[in-house]
Each structure stands twice: as structure tokens, then as C-alpha cells.
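Asks: For reference, the structure I am asking about is given below.
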Amino acid sequence: PVILAIESSCDDTSAAVCVDGAVLSNVIANQAIHEAYGGVVPELASRVHQQNIVPAVQQALLNAKVNKNDIDAVAFTRGPGLLGSLLVGVSFAKAFALANNLPLIEINHMQAHVLAHFIADKKPSFPFLCLTVSGGHTQIVLVKDYFNMEVIGQTLDDAAGEAMDKTSKILGLPYPGGPLIDKYARLGNADRFKFPEPQIPGFDYSFSGLKTSILYFIRDNVAANPNFIQDNLNDICASVEKRIVTILLNKFEKAARQYGIKDVALAGGVSANTGLRLGLQQLAEKNGWNYFIPAMQYCTDNAGMIAIAGYHKYLKGDFAGQDIAPLARMPL
Ligand code: ATP
Ligand code: FE
């Protein structure tokens with residue numbers, strides 16, 4: 001089957017085409033407009049989705065060399081995400097499906113982040129354990145089948161991506177800060193500054209204490225030396241990144257051992273992080289696990305992951321009706 005997929009849950013407008021399980025195009029229109037605001041402004045995001053969605057779909061069809069008439073189904077992100085952003089993608093998908101007499105396939109964005117692993121040739125085997133780390137979520141997911149996933153641990157407050165972005169904001173860097181922290185961290189000494197590891201029971205996470213300790217650390221040091229950030233930027237980023245990565249992987253390792261897992265995976269925007277990718281690889285090699293990390297374009301928000309999820313739902317014959325509505329919150 002030929003699946004057209006739409007993703008518009010946050011600030012990236014994306015369209016992709018998947019043919020018989022192969023993702024042939026993945027067009028992502030980023031929204032630069034939010035940089036000036038230090039975060040995503042929902043109202044602005046919806047408007048820019050509205051401008052970008054048709055060109056993104058046209059480009060995705062062009063790149064995949066697929067004709068509009070060849071499409072068999074339209075997959076779209078139903079949630080979770082910003083409601084105004086979701087509405088643009090859901091409305092487009094419904095209108096396109098209605099006009100072309102096609103079935104609709106609703107996709108859970110967080111399931112799709114996990115299912116991004118089925119785009120590559122090397123695929124994990126069920127059950128596997130996935131650490132999903134994104135701008136809004138931090139979850140340890142036991143993946144039993146394509147659409148049978150159980151969250152066995154998650155953040156009680158901030159997400160890992162939020163911890164990255166808030167740290168960069170404290171450092172005066174533009175949004176989104178995750179990629180910048182990564183860039184400077186590569187040049188710094190990760191053992192220079194020490195930040196606390198939260199003591200949370202079970203497989204849950206917490207990042208709000210770390211954020212506060214970074215805030216006070218910077219405030220106190222800048223009071224003593226106004227150039228503290230500029231003088232130590234690389235070491236600060238390296239030290240913060242190392243702490244976030246060790247918090248994430250220490251729990252993940254415990255969970256994988258307890259569940260007797262052999263295949264481990266990373267998903268979500270923060271899985272683009274160099275330190276985390278390297279950390280998971282080392283952890284897997286140490287424990288004799290197979291590890292899976294999506295290609296960069298399938299880590300942050302993209303319609304390619306919606307397309308592959310849509311393909312597997314299509315095979316199950318699991319379609320949505322024209323009365324479907326987006327959901328800001330949507331459990332796994
Ligand atoms: P959710 O999927 O939970 O709804 P989202 O879709 O907004 O949230 P993603 O697009 O999956 O999140 O991920 C965005 C996050 O990834 C941001 O917090 C960003 O800073 C972070 N990020 C992206 N690249 C990197 C990197 N190289 N290092 C660290 N963090 C990164
Ligand atoms: Fe996402």
C-alpha cells in the first residue's frame with residue numbers, strides 16, 4: 001500500500017510517503033518563528049502549519065515520485081500535542097481522504113516515535129525496551145508488539161528535552177537548546193562540574209531538581225564572575241549533558257535487566273544527542289544487548305514515523321472514521 005502521512009503535533013509541519021513499508025520521502029518544515037520567543041508559541045505554530053501543510057505534502061509526493069491517485073490511505077497524528085497544531089493536520093488529512101475517497105488511519109505520536117525503529121533495515125525484535133526522550137515525554141516503554149506498549153517508568157515532572165531546553169535558556173542560548181548543548185558539550189570537560197542525581201523509586205524520573213540546581217549554580221557563579229557562562233560554556237554543557245544522560249541510562253539499565261530484555265532502543269528528539277547515543281551503545285555492548293537508534297531525521301518530529309506506523313495499522317485494517325477529532329492528551 002501507498003500511505004500518505006501527516007505530522008503537525010508541535011512546531012514541525014511534516015509529510016511523508018511510505019510504499020509497502022519503505023519510507024520514500026520525509027519532508028519537514030521547521031518553524032523558525034519560535035526562536036525569538038524562547039519556546040513554542042501555540043497560536044503561531046497553528047498559523048504556520050496552515051501555511052506549510054500543502055507545500056509539504058506536495059513536496060513529499062514529488063520526492064517519493066508518487067502520484068496523488070496512487071495513495072491508498074492517509075495516516076495522521078491524532079495526539080498528544082498542541083490542540084491547535086493537531087487540528088491543522090487532522091483537518092487536512094480528513095479533507096484529503098474525503099476528496100479522494102480514501103480511508104483514514106489515526107496515529108498516536110508517542111507510539112510513532114517508538115515505531116520509527118521499523119523504518120530502518122535493522123529492526124528490533126519484540127519485546128524490546130525503548131527509552132523515549134522528547135520535548136514533552138520521558139518514558140521507559142516495554143514494546144510487546146507494534147501497538148501493544150506499556151510505560152514502565154516515566155518522568156514525574158519535566159521531560160529530558162525540557163531539561164535540555166531550560167538549561168540552555170538559563171545559559172542565554174536560543175530555543176531549542178538541546179542541539180546547542182550537544183554542540184558545546186562535545187568541546188567541554190564533562191567531569192568539571194557536578195550536578196545531583198535524583199533519588200526516585202522504581203523506574204520513574206525527575207528533572208525539576210536538576211533544573212533548580214543548575215539555576216542556582218549559574219546564579220551564584222555569575223554573581224562572583226559576570227563572565228562565568230562565556231568562560232565555561234563548553235564545560236557547563238558537557239557536565240549537564242553527562243548528568244542528564246547518566247540519570248536516563250542508569251534507570252534504563254535497571255529496567256532492561258529486570259525485564260530480561262535483549263534489544264534496547266532510543267526514540268524521540270533527545271535521542272539525537274551525541275552523548276546519549278554513545279552512552280546507550282556502551283551500555284548495550286557492556287550487557288551484550290542489541291541496540292537501536294533511529295537515523296537523525298526520524299528522532300525529532302517527522303511524518304516518516306507516522307507513515308511507518310500507518311503502514312502497520314493498514315495491514316491490521318484498523319481505520320478511523322471521518323468524525324475523528326484530535327486529542328491534546330493521549331495515553332500510549
Ligand atoms: P513530544 O514528542 O513529547 O510531544 P516534541 O515532539 O516537541 O515532544 P521532539 O521533537 O521529539 O519533541 O524532541 C524535541 C526535543 O529534543 C527538544 O527538547 C530538543 O531540545 C531536543 N533535542 C533535539 N536535538 C537534540 C540534541 N542533539 N541533544 C539534546 N537534545 C536534543
Ligand atoms: Fe515528538
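Residue numbering restarts at 1 for every chain of the C-alpha cells, chains are lettered A, B, ... in their displayed order, and ligands are numbered from 1 as they appear.
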Using only C-alpha atoms and all ligand atoms, what table do you get, as a tab-separated table, when you list each residue of chain A with an atom no more than 6 Å from ligand 1, its nearest pair of atoms, and their distance in Å rounded to one decimal, rows by chain then rising number?
Replies:
residue	atom	partner	partner_atom_place_in_ligand_line	distance
A:Cys10	CA	ligand 1	7 (O)	5.7
A:Gly81	CA	ligand 1	4 (O)	5.5
A:Ser134	CA	ligand 1	13 (O)	4.1
A:Gly135	CA	ligand 1	12 (O)	3.6
A:Gly136	CA	ligand 1	3 (O)	3.2
A:His137	CA	ligand 1	3 (O)	4.2
A:Gly161	CA	ligand 1	18 (O)	3.3
A:Glu162	CA	ligand 1	18 (O)	5.1
A:Met164	CA	ligand 1	20 (O)	5.8
A:Asp165	CA	ligand 1	20 (O)	5.2
A:Pro176	CA	ligand 1	20 (O)	4.8
A:Gly177	CA	ligand 1	20 (O)	5.0
A:Gly178	CA	ligand 1	20 (O)	3.2
A:Pro179	CA	ligand 1	27 (N)	3.8
A:Asp182	CA	ligand 1	28 (N)	4.8
A:Gly268	CA	ligand 1	11 (O)	4.1
A:Gly269	CA	ligand 1	13 (O)	3.1
A:Val270	CA	ligand 1	30 (N)	4.0
A:Ala272	CA	ligand 1	27 (N)	4.4
A:Asn273	CA	ligand 1	28 (N)	3.6
A:Thr300	CA	ligand 1	10 (O)	3.9
A:Asp301	CA	ligand 1	10 (O)	4.2
Asks: Taking only C-alpha atoms and all ligand atoms into account, produce a table as CSV in which each residue of chain A with an atom at most 12 Å from an atom of ligand 2 appears once, together with its shortest atom pair and the distance in Å to one decimal, ordered by chain and rising number.
Replies:
residue,atom,partner,partner_atom_place_in_ligand_line,distance
A:Glu7,CA,ligand 2,1 (Fe),9.4
A:Ser8,CA,ligand 2,1 (Fe),9.6
A:Ser9,CA,ligand 2,1 (Fe),7.5
A:Cys10,CA,ligand 2,1 (Fe),7.5
A:Asp11,CA,ligand 2,1 (Fe),9.7
A:Asp12,CA,ligand 2,1 (Fe),9.4
A:Thr13,CA,ligand 2,1 (Fe),11.7
A:Ser14,CA,ligand 2,1 (Fe),11.7
A:Thr77,CA,ligand 2,1 (Fe),10.3
A:Gly79,CA,ligand 2,1 (Fe),10.0
A:Pro80,CA,ligand 2,1 (Fe),8.9
A:Gly81,CA,ligand 2,1 (Fe),8.3
A:Leu82,CA,ligand 2,1 (Fe),11.0
A:Asn108,CA,ligand 2,1 (Fe),10.3
A:His109,CA,ligand 2,1 (Fe),6.5
A:Met110,CA,ligand 2,1 (Fe),6.8
A:Gln111,CA,ligand 2,1 (Fe),9.9
A:Ala112,CA,ligand 2,1 (Fe),8.7
A:His113,CA,ligand 2,1 (Fe),6.7
A:Val114,CA,ligand 2,1 (Fe),10.2
A:Ala116,CA,ligand 2,1 (Fe),11.2
A:Thr132,CA,ligand 2,1 (Fe),9.4
A:Val133,CA,ligand 2,1 (Fe),8.8
A:Ser134,CA,ligand 2,1 (Fe),5.9
A:Gly135,CA,ligand 2,1 (Fe),6.7
A:Gly136,CA,ligand 2,1 (Fe),7.4
A:His137,CA,ligand 2,1 (Fe),8.2
A:Thr138,CA,ligand 2,1 (Fe),10.8
A:Ala159,CA,ligand 2,1 (Fe),11.6
A:Gly161,CA,ligand 2,1 (Fe),10.2
A:Ala267,CA,ligand 2,1 (Fe),9.2
A:Gly268,CA,ligand 2,1 (Fe),5.9
A:Gly269,CA,ligand 2,1 (Fe),6.5
A:Val270,CA,ligand 2,1 (Fe),9.7
A:Ser271,CA,ligand 2,1 (Fe),11.0
A:Gln297,CA,ligand 2,1 (Fe),11.9
A:Tyr298,CA,ligand 2,1 (Fe),9.9
A:Cys299,CA,ligand 2,1 (Fe),8.1
A:Thr300,CA,ligand 2,1 (Fe),6.0
A:Asp301,CA,ligand 2,1 (Fe),4.7
A:Asn302,CA,ligand 2,1 (Fe),7.9
A:Ala303,CA,ligand 2,1 (Fe),10.3
A:Met305,CA,ligand 2,1 (Fe),10.0
A:Ile306,CA,ligand 2,1 (Fe),10.8
Asks: Using atom CA of Leu86 of chain A and atom CA of Leu156 of chain A as the two end points, give the distance in Å to one decimal.
Replies: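 Between these atoms lies a distance of 24.8 Å.
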Asks: At a cut-off of 12 Å, can you tabulate as a Markdown table every residue of segment 29-74 of chain A near segment 315-327 of chain A together with its closest atom pair and the distance in Å to one decimal, using only C-alpha atoms and ordering rows by chain then number?
Replies:
| residue | atom | partner | partner_atom | distance |
| --- | --- | --- | --- | --- |
| A:Asp72 | CA | A:Leu315 | CA | 11.7 |
| A:Ala73 | CA | A:Phe319 | CA | 9.0 |
| A:Val74 | CA | A:Phe319 | CA | 9.7 |
Asks: Using DSSP on the backbone coordinates, identify all residues within segment 182-327 of chain A classified as strand (DSSP E or B); present the result as a ChimeraX atom specification.
Replies: /A:205,263-267,290-292,320
Asks: Just want the 10 Å neighbourhood of Val57 of chain A, counted on only C-alpha atoms, with same-chain residues fewer than 3 positions away dropped. Output as a list in words.
Replies: Leu4, Ala5, Ile6, Thr13, Ser14, Ala15, Ala16, Val17, Asn26, Val27, Ile28, Asn52, Ile53, Val54, Ala60, Leu61, Leu62, Asn63 and Lys68 of chain A
Asks: Please determine, counting only C-alpha atoms, which residue among A:Val222, A:Leu131, A:Met149, A:Ala265 has the shortest atom-to-atom distance to Phe252 of chain A.
Replies: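 Ranking A:Val222, A:Leu131, A:Met149, A:Ala265 by distance to Phe252 of chain A, first place goes to A:Leu131.
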Asks: DSSP on the backbone: what in segment 173-308 of chain A comes out alpha helix (DSSP H), as a VMD selection string?
Replies: chain A and resid 178 to 185 208 to 224 228 to 258 274 to 287 304 to 308
Asks: Go through A:Phe203, A:Tyr175, A:Tyr311, A:Tyr37 and flag the residue nearest Ala255 of chain A, using only C-alpha atoms for the distances.
Replies: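 Among the listed residues, A:Phe203 lies closest to Ala255 of chain A.
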Asks: I'd like the interatomic distance between atom CA of Leu215 of chain A and atom CA of Pro42 of chain A, to a tenth of an Å.
Replies: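 Computing it gives 25.9 Å between the two atoms.
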Asks: If you count only C-alpha atoms, which residues fall within 7 Å of Ala163 of chain A, apart from same-chain ones fewer than 5 positions away, as a list in words?
Replies: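 Once the nearby chain positions are removed, what remains is Asp158, Phe207 and Lys211 of chain A.
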Asks: Go ahead and save the picked residues with C-alpha atoms, as a PDB file, in the first residue's frame.
Replies:
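Dumped to part_4.pdb:
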ATOM      1  CA  ASP A 158       9.987  17.806  33.418  1.00  0.00           C
ATOM      2  CA  PHE A 207      14.368  16.512  36.243  1.00  0.00           C
ATOM      3  CA  LYS A 211      16.943  22.298  36.728  1.00  0.00           C
TER       4      LYS A 211
END
Asks: Please, what distance in Å, to one decimal, runs between atom CA of Cys130 of chain A and atom CA of Pro331 of chain A?
Replies: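 Rounded to one decimal, the two atoms are 16.0 Å apart.
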Asks: Write out as a list in words the residues lying within 10 Å of Asp235 of chain A, counting only C-alpha atoms and excluding same-chain residues fewer than 3 positions away.
Replies: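 So the residues in contact are Tyr184, Ala185, Arg186, Leu187, Gly188, Asn189, Ala190, Asp191, Arg192, Phe193, Ile229, Asp231, Asn232, Ala238, Ser239, Val240 and Glu241 of chain A.
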Asks: Go through A:Leu129, A:Ile200, A:Leu87, A:Leu171 and flag the residue nearest Trp289 of chain A, using only C-alpha atoms for the distances.
Replies: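 Comparing A:Leu129, A:Ile200, A:Leu87, A:Leu171 against Trp289 of chain A, the winner is A:Leu129.
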